[in-house]
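Q: This structure is in structure tokens; I'll ask about it shortly.
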Number of protein chains: 2
Amino acid sequence: MSDIARREFLKATLAVGAATGLDIQAAEQNGRTERVRPDGNHSVMDLVTPALEMVRIGLIGVGERGVGFVHHFCNIEGACITAVCDTHQAVLDRAREIISRHGKTSPALYTGDEYAYRRLLDREDIDIVVIATPWQWHAIMAAETMESGKHAFVEVPAVTTVNEAWWLVDTSERTQMNCMMLENVCYGRDEMMVLNMVRQGVFGELLHGEAAYIHELRWQMKEIEHKTGSWRTFWHTKRNGNLYPTHGLGPIAQYMGINRGDSFDYMNSMSSPAAGRAAYAQREFSPEHKRNQLDYINGDMNTSLIKTKKGRTIMVQYDTTTPRPYSRHNLIQGVNGVFAGFPNRIALEKGSDESYHQWTFDMNKWQARYDHPLWMQMGRQAGEQGGHGGMDYLMCWRIVHCLRNSEPLDQNVYDAAAWSVISPISAESVADRGNSKPIPDFTRGEWRYTEPLAIVGEVQTV
Amino acid sequence: MSDIARREFLKATLAVGAATGLDIQAAEQNGRTERVRPDGNHSVMDLVTPALEMVRIGLIGVGERGVGFVHHFCNIEGACITAVCDTHQAVLDRAREIISRHGKTSPALYTGDEYAYRRLLDREDIDIVVIATPWQWHAIMAAETMESGKHAFVEVPAVTTVNEAWWLVDTSERTQMNCMMLENVCYGRDEMMVLNMVRQGVFGELLHGEAAYIHELRWQMKEIEHKTGSWRTFWHTKRNGNLYPTHGLGPIAQYMGINRGDSFDYMNSMSSPAAGRAAYAQREFSPEHKRNQLDYINGDMNTSLIKTKKGRTIMVQYDTTTPRPYSRHNLIQGVNGVFAGFPNRIALEKGSDESYHQWTFDMNKWQARYDHPLWMQMGRQAGEQGGHGGMDYLMCWRIVHCLRNSEPLDQNVYDAAAWSVISPISAESVADRGNSKPIPDFTRGEWRYTEPLAIVGEVQTV
């Protein structure tokens with residue numbers, strides 16, 4: 001990395017490091033083994049908190065991703081946005097205008113330095129905080145949210161190191177506040193249908209899954225001052241591994257009941273050469289442009305393998321550089337057959353009229369039979385609200401619903417931790433010739449006694 | 001494994017072990033590091049041998065797989081089958097009838113005990129021996145073929161252990177006889193087109209490949225006395241890893257120039273639970289049937305990652321158990337885009353009219369531009385001869401062509417060794433929590449100075 005690039009990255013991360021005492025590089029080397037739960041802390045598995053009549057929301061980060069939450073929470077009954085924080089005045093103004101357009105009370109606005117969010121956390125009229133900031137801010141903001149007596153809802157990945165993951169787990173268990181990662185893909189219509197099929201035994205005993213985030217995003221390198229590329233680009237100069245595992249992995253983990261009957265055990269990882277980003281910079285920017293001063297070390301395609309305690313395997317890929325079509329793979333395979341996504345297709349030995357020797361691409365029959373109850377109930381509404389085909393709206397709706405009805409959330413801090421640490425652990429394996437590394441059991445053994453996610457068929461009337 | 005099963009497996013393997021001094025289990029633990037070439041031995045890279053006017057062929061094994069070679073060599077000018085060996089009289093008679101039907105001289109037939117092939121090797125009127133026997137016989141038969149002064153052509157996988165691989169390499173280098181593995185998929189029309197595209201730079205700098213043998217073959221368990229399942233079933237009780245890597249991997253290795261500009265470096269591997277074969281046995285056989293006495297230990301889906309010396313990655317899968325559609329993946333990805341198979345599809349940034357954000361499934365344009373010269377010349381003839389869509393015939397034709405014209409073969413003993421040892425090394429990694437294991441460099445560094453396979457555009461008139 002050039003000196004300029006290093007300064008720019010440090011600008012964004014050093015403050016965080018100073019505040020938390022964490023160093024990203026050092027943290028990757030530590031925190032591997034299981035940890036004893038500190039005295040006085042208690043499990044937050046299937047945590048139930050007192051029912052809220054109105055869910056009062058503070059938003060930290062209302063940029064490219066966060067603005068969606070402004071829209072969605074304005075459209076959900078029983079939710080109101082009390083306060084909004086961002087370091088960028090333009091998006092803050094935009095958020096206020098959207099809220100005003102909905103005829104809602106104008107929120108308190110916080111901006112200025114990067115720690116303005118702490119003044120938002122000081123407020124008494126907030127129940128939950130939704131965090132949509134650059135990755136390096138997720139853990140500290142979520143931890144401080146819980147410390148302030150509020151539930152944390154944090155964008156993916158929830159953490160960037162294993163130590164950060166334990167920090168969130170311990171904080172959630174000590175404060176007994178929720179810490180849910182906003183893995184919206186778990187609310188996708190296809191994913192929820194497959195979850196329904198898995199729970200109903202369509203694929204038989206599960207064996208193997210495949211997940212990916214294959215999404216060509218080199219163009220984000222042109223975002224220089226604001227937006228995602230202004231900070232995410234630097235991660236490609238900082239870590240060689242899977243930078244963004246949870247969109248593909250979250251649904252597979254839910255199918256398999258990770259942290260709920262099964263648990264990640266160990267993983268390995270390999271990266272291809274890193275060639276595409278440098279080539280893109282050379283093509284799209286002048287030689288002296290700062291995008292041409294960076295050392296892009298992250299392999300264009302990273303492939304990892306995960307082994308679960310029950311012996312199942314998961315293949316996870318990450319590639320935001322190669323020109324190729326989008327895919328999250330979304331493959332789940334059992335003794336009776338397989339479902340795969342992008343495009344959706346299925347092959348089954350029992351329970352299908354078609355031969356399993358050919359993929360069936362027509363999903364109508366399957367959707368008619370296995371569409372998820374939540375989608376049957378909420379689908380039209382979700383689709384109208386947009387946001388990745390409705391999954392974003394549905395996630396927000398479900399959060400409000402659970403909090404208002406004293407129901408456990410669909411994702412907890414153990415999921416946030418387990419799904420997110422695939423990134424730092426993949427980097428550790430890549431750096432060590434693809435040797436396998438243990439994945440901590442953040443539930444400390446509780447996965448053995450926890451029922452699989454039971455949102456299937458248990459949706460209540462709005 | 002039950003006692004009955006163990007006896008049955010030993011019956012097939014012990015004789016080999018005794019003859020070669022090799023023990024399959026022990027061999028998996030050894031032979032990892034590079035080995036010094038014994039004094040007096042010389043490289044066989046791009047080996048050229050004196051031109052043969054007529055290629056005189058001895059066949060060992062003319063069962064399910066070998067019978068195809070009887071057909072093909074009867075239909076190739078400049079080839080004649082001199083002798084045939086098999087332990088099973090019925091297939092031996094069938095081979096003789098086929099040859100007779102073609103109006104060819106009746107071959108000498110060898111049968112009786114399992115070492116009858118040694119009498120075939122004693123003959124003087126044989127130039128090459130084609131070996132299509134159970135896996136555990138491949139290495140010893142190929143080695144003894146070369147010792148007898150004949151070229152060895154051996155079915156996949158050429159070897160089942162790393163020690164066997166070095167044995168073949170050393171024997172080929174000492175005797176200066178060819179030892180080519182019969183990886184027919186390298187002669188598939190799609191694979192040769194992609195090889196052509198790779199050589200012409202369509203995908204840019206290569207980054208990553210994916211290979212597989214996903215082929216539901218549980219039904220072979222019903223082959224009890226003869227045919228593939230009668231011996232292959234036992235491998236599922238003996239090894240947990242990728243039992244059969246080369247069909248998918250061979251073409252990817254050729255695209256990447258493995259042993260010719262690049263080299264396998266290390267690999268890791270994980271297996272899913274083994275559930276499908278036991279379930280199938282329970283469903284299809286009586287409780288006391290010997291298929292229900294076996295302990296099927298091989299994971300239904302095995303996934304391995306390979307890293308090359310140039311840093312590229314290859315994902316390789318093996319699954320002959322799960323009910324799902326056939327695939328060899330056949331994916332090759334470069335800085336400029338990606339080709340994938342099953343079904344064939346392509347996405348490119350430069351050189352295509354279509355957006356790389358969507359797969360293009362129509363291959364007509366690409367085939368018109370990049371169909372391999374050998375297929376353009378031989379395609380109709382190959383297609384008419386059949387055998388996996390013509391690839392088998394083309395492979396046989398190409399072998400005869402090279403031997404008659406003093407040209408190097410398209411695959412050599414280093415390829416046979418490197419592609420085959422993925423099986424034992426995958427098993428070693430699976431047994432060691434997916435830790436990575438080195439893959440020997442059978443070329444002993446010569447890959448650095450060897451040109452990529454140059455069959456593109458260099459086909460001569462028949």
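Following the order of the structure tokens, chains are lettered A, B, ..., residues in each are numbered from 1, and ligands are numbered from 1.
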Should the cut-off be 7 Å, what would the residue list for chain B against chain A look like, counting only C-alpha atoms, as number ranges by chain?
A: B: 207-208, 268, 270-273, 275-276, 311-313, 322-326, 335-338, 347-349, 356-359, 433-436
Q: Where does DSSP see strand (DSSP E) in range 137-347 of chain B, if you list the residues as a ChimeraX atom specification?
A: /B:151-154,179-181,206-214,264-271,302-308,313-319,331-334,337-340,345-347
Q: Please identify all polymer residues within 9 Å of Asn405 in chain B, counting only C-alpha atoms, omitting same-chain residues fewer than 6 positions from it, and present them as a list in words.
A: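 The neighbour list is Pro50, Ala51, Leu52 and Glu53 of chain B.
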Q: Can you list, as a list of chain:residue names, every protein, DNA or RNA residue that comes within 8 Å of Trp397 in chain B when you count only C-alpha atoms, leaving out same-chain residues fewer than 4 positions away?
A: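 So, after excluding close chain neighbours, the residues are B:Phe73, B:Ile76, B:Tyr393, B:His401.
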Q: Got a sec to tell me which of range 159-366 of chain A DSSP assigns to alpha helix (DSSP H), as an NGL selection string?
A: :A and (162-175 or 189-199 or 229-235 or 246-256 or 276-284 or 364-366)
Q: Just the selected residues (C-alpha atoms), exported as a short mmCIF file (atom, residue, chain, number, x, y, z; two decimals), in the first residue's frame, please.
A:
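Saved result, out-v2.cif, follows:
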```cif
data_model
loop_
_atom_site.label_atom_id
_atom_site.label_comp_id
_atom_site.auth_asym_id
_atom_site.auth_seq_id
_atom_site.Cartn_x
_atom_site.Cartn_y
_atom_site.Cartn_z
CA VAL A 162 -12.79 -12.73 15.83
CA ASN A 163 -12.11 -10.53 18.85
CA GLU A 164 -14.81 -8.12 17.76
CA ALA A 165 -17.18 -11.09 17.52
CA TRP A 166 -16.53 -12.12 21.13
CA TRP A 167 -16.89 -8.48 22.15
CA LEU A 168 -20.43 -8.37 20.74
CA VAL A 169 -21.35 -11.76 22.18
CA ASP A 170 -20.11 -10.83 25.63
CA THR A 171 -21.77 -7.43 25.51
CA SER A 172 -25.10 -8.86 24.40
CA GLU A 173 -24.94 -11.53 27.13
CA ARG A 174 -24.03 -8.97 29.81
CA THR A 175 -26.55 -6.29 28.82
CA ARG A 189 -38.57 -15.21 -1.16
CA ASP A 190 -36.47 -18.00 -2.69
CA GLU A 191 -34.41 -18.44 0.45
CA MET A 192 -37.46 -18.61 2.69
CA MET A 193 -39.11 -21.12 0.36
CA VAL A 194 -36.01 -23.32 0.51
CA LEU A 195 -35.91 -22.98 4.30
CA ASN A 196 -39.51 -24.14 4.35
CA MET A 197 -38.65 -27.09 2.08
CA VAL A 198 -35.68 -28.04 4.25
CA ARG A 199 -37.76 -27.96 7.43
CA GLY A 229 -16.35 2.45 -2.80
CA SER A 230 -14.80 5.36 -0.92
CA TRP A 231 -14.02 3.02 1.98
CA ARG A 232 -14.63 -0.53 0.75
CA THR A 233 -11.95 -0.24 -1.92
CA PHE A 234 -9.31 -0.17 0.81
CA TRP A 235 -10.34 -3.55 2.15
CA THR A 246 -22.77 -13.45 4.94
CA HIS A 247 -25.21 -12.82 2.07
CA GLY A 248 -24.68 -16.27 0.63
CA LEU A 249 -23.84 -18.00 3.89
CA GLY A 250 -26.66 -16.72 6.11
CA PRO A 251 -29.44 -18.64 4.37
CA ILE A 252 -27.32 -21.82 4.11
CA ALA A 253 -26.58 -21.54 7.84
CA GLN A 254 -30.29 -21.23 8.55
CA TYR A 255 -31.10 -24.25 6.36
CA MET A 256 -28.52 -26.30 8.26
CA GLY A 276 -8.62 -7.53 -11.81
CA ARG A 277 -8.63 -4.40 -9.64
CA ALA A 278 -5.17 -3.25 -10.68
CA ALA A 279 -6.11 -3.84 -14.32
CA TYR A 280 -9.33 -1.88 -13.84
CA ALA A 281 -7.52 1.02 -12.16
CA GLN A 282 -5.00 1.11 -14.98
CA ARG A 283 -7.78 1.21 -17.54
CA GLU A 284 -10.14 3.64 -15.84
CA ASN A 364 -44.07 -22.61 -10.14
CA LYS A 365 -45.07 -25.96 -8.73
CA TRP A 366 -42.59 -25.70 -5.90
#
```
Q: So which residues touch range 120-128 of chain A within 7 Å, counting only C-alpha atoms, skipping near sequence neighbours fewer than 4 positions away, as a ChimeraX atom specification?
A: /A:55-58,82-83,110,145,148,150-152
Q: For C-alpha atoms, I'd like the residues from the last selection saved as a PDB file, in the first residue's frame.
A:
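Writing the result to selection.pdb gives the following:
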```pdb
ATOM      1  CA  VAL A  55     -40.512   0.728  18.279  1.00  0.00           C
ATOM      2  CA  ARG A  56     -38.495   3.951  18.468  1.00  0.00           C
ATOM      3  CA  ILE A  57     -35.571   3.860  16.107  1.00  0.00           C
ATOM      4  CA  GLY A  58     -32.236   5.628  15.898  1.00  0.00           C
ATOM      5  CA  THR A  82     -36.600   9.322  16.477  1.00  0.00           C
ATOM      6  CA  ALA A  83     -33.056  10.267  15.577  1.00  0.00           C
ATOM      7  CA  TYR A 110     -26.609  14.248  14.621  1.00  0.00           C
ATOM      8  CA  THR A 145     -25.598   0.679  21.440  1.00  0.00           C
ATOM      9  CA  SER A 148     -26.602   2.376  26.234  1.00  0.00           C
ATOM     10  CA  LYS A 150     -30.733  -0.240  23.310  1.00  0.00           C
ATOM     11  CA  HIS A 151     -31.039  -3.164  20.903  1.00  0.00           C
ATOM     12  CA  ALA A 152     -28.462  -3.172  18.095  1.00  0.00           C
TER      13      ALA A 152
END
```
Q: Would you pick out the contacts of Ala340 in chain B at 8 Å or less, using only C-alpha atoms, so that residues sharing its chain but fewer than 6 positions from it are not included, and give the list as a short mmCIF file (atom, residue, chain, number, x, y, z; two decimals) with all heavy atoms, in the first residue's frame?
A:
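Contents of around.cif, as written:
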```
data_model
loop_
_atom_site.label_atom_id
_atom_site.label_comp_id
_atom_site.auth_asym_id
_atom_site.auth_seq_id
_atom_site.Cartn_x
_atom_site.Cartn_y
_atom_site.Cartn_z
N HIS B 329 -18.59 -29.45 -14.12
CA HIS B 329 -18.38 -28.00 -13.91
C HIS B 329 -17.69 -27.34 -15.11
O HIS B 329 -18.24 -26.45 -15.71
CB HIS B 329 -17.61 -27.70 -12.63
CG HIS B 329 -18.38 -27.95 -11.37
ND1 HIS B 329 -19.76 -28.00 -11.33
CD2 HIS B 329 -17.96 -28.19 -10.09
CE1 HIS B 329 -20.15 -28.24 -10.10
NE2 HIS B 329 -19.08 -28.37 -9.32
N ASN B 330 -16.49 -27.75 -15.38
CA ASN B 330 -15.72 -27.21 -16.52
C ASN B 330 -15.77 -25.69 -16.56
O ASN B 330 -16.11 -25.08 -17.57
CB ASN B 330 -16.27 -27.79 -17.84
CG ASN B 330 -15.31 -27.57 -19.00
OD1 ASN B 330 -14.09 -27.45 -18.80
ND2 ASN B 330 -15.83 -27.52 -20.22
N LEU B 331 -15.39 -25.09 -15.44
CA LEU B 331 -15.39 -23.63 -15.33
C LEU B 331 -13.97 -23.09 -15.36
O LEU B 331 -13.09 -23.59 -14.66
CB LEU B 331 -16.09 -23.20 -14.04
CG LEU B 331 -16.22 -21.69 -13.78
CD1 LEU B 331 -17.52 -21.39 -13.03
CD2 LEU B 331 -15.02 -21.11 -13.04
N ILE B 332 -13.77 -22.09 -16.22
CA ILE B 332 -12.46 -21.43 -16.24
C ILE B 332 -12.69 -19.93 -16.24
O ILE B 332 -13.51 -19.41 -17.01
CB ILE B 332 -11.59 -21.89 -17.44
CG1 ILE B 332 -10.17 -21.34 -17.29
CG2 ILE B 332 -12.20 -21.53 -18.78
CD1 ILE B 332 -9.34 -22.04 -16.26
N ILE B 346 -21.26 -18.52 -21.08
CA ILE B 346 -20.08 -17.67 -21.12
C ILE B 346 -20.45 -16.24 -20.75
O ILE B 346 -21.59 -15.81 -20.96
CB ILE B 346 -19.43 -17.74 -22.53
CG1 ILE B 346 -18.03 -17.13 -22.54
CG2 ILE B 346 -20.32 -17.08 -23.57
CD1 ILE B 346 -17.26 -17.45 -23.81
#
```
Q: When you look at Glu34 in chain A with a cut-off of 8 Å (counting only C-alpha atoms), what residues show up, excluding the ones that are within fewer than 4 positions of it in the same chain? I need them as a VMD selection string.
A: chain A and resid 440 to 442 444
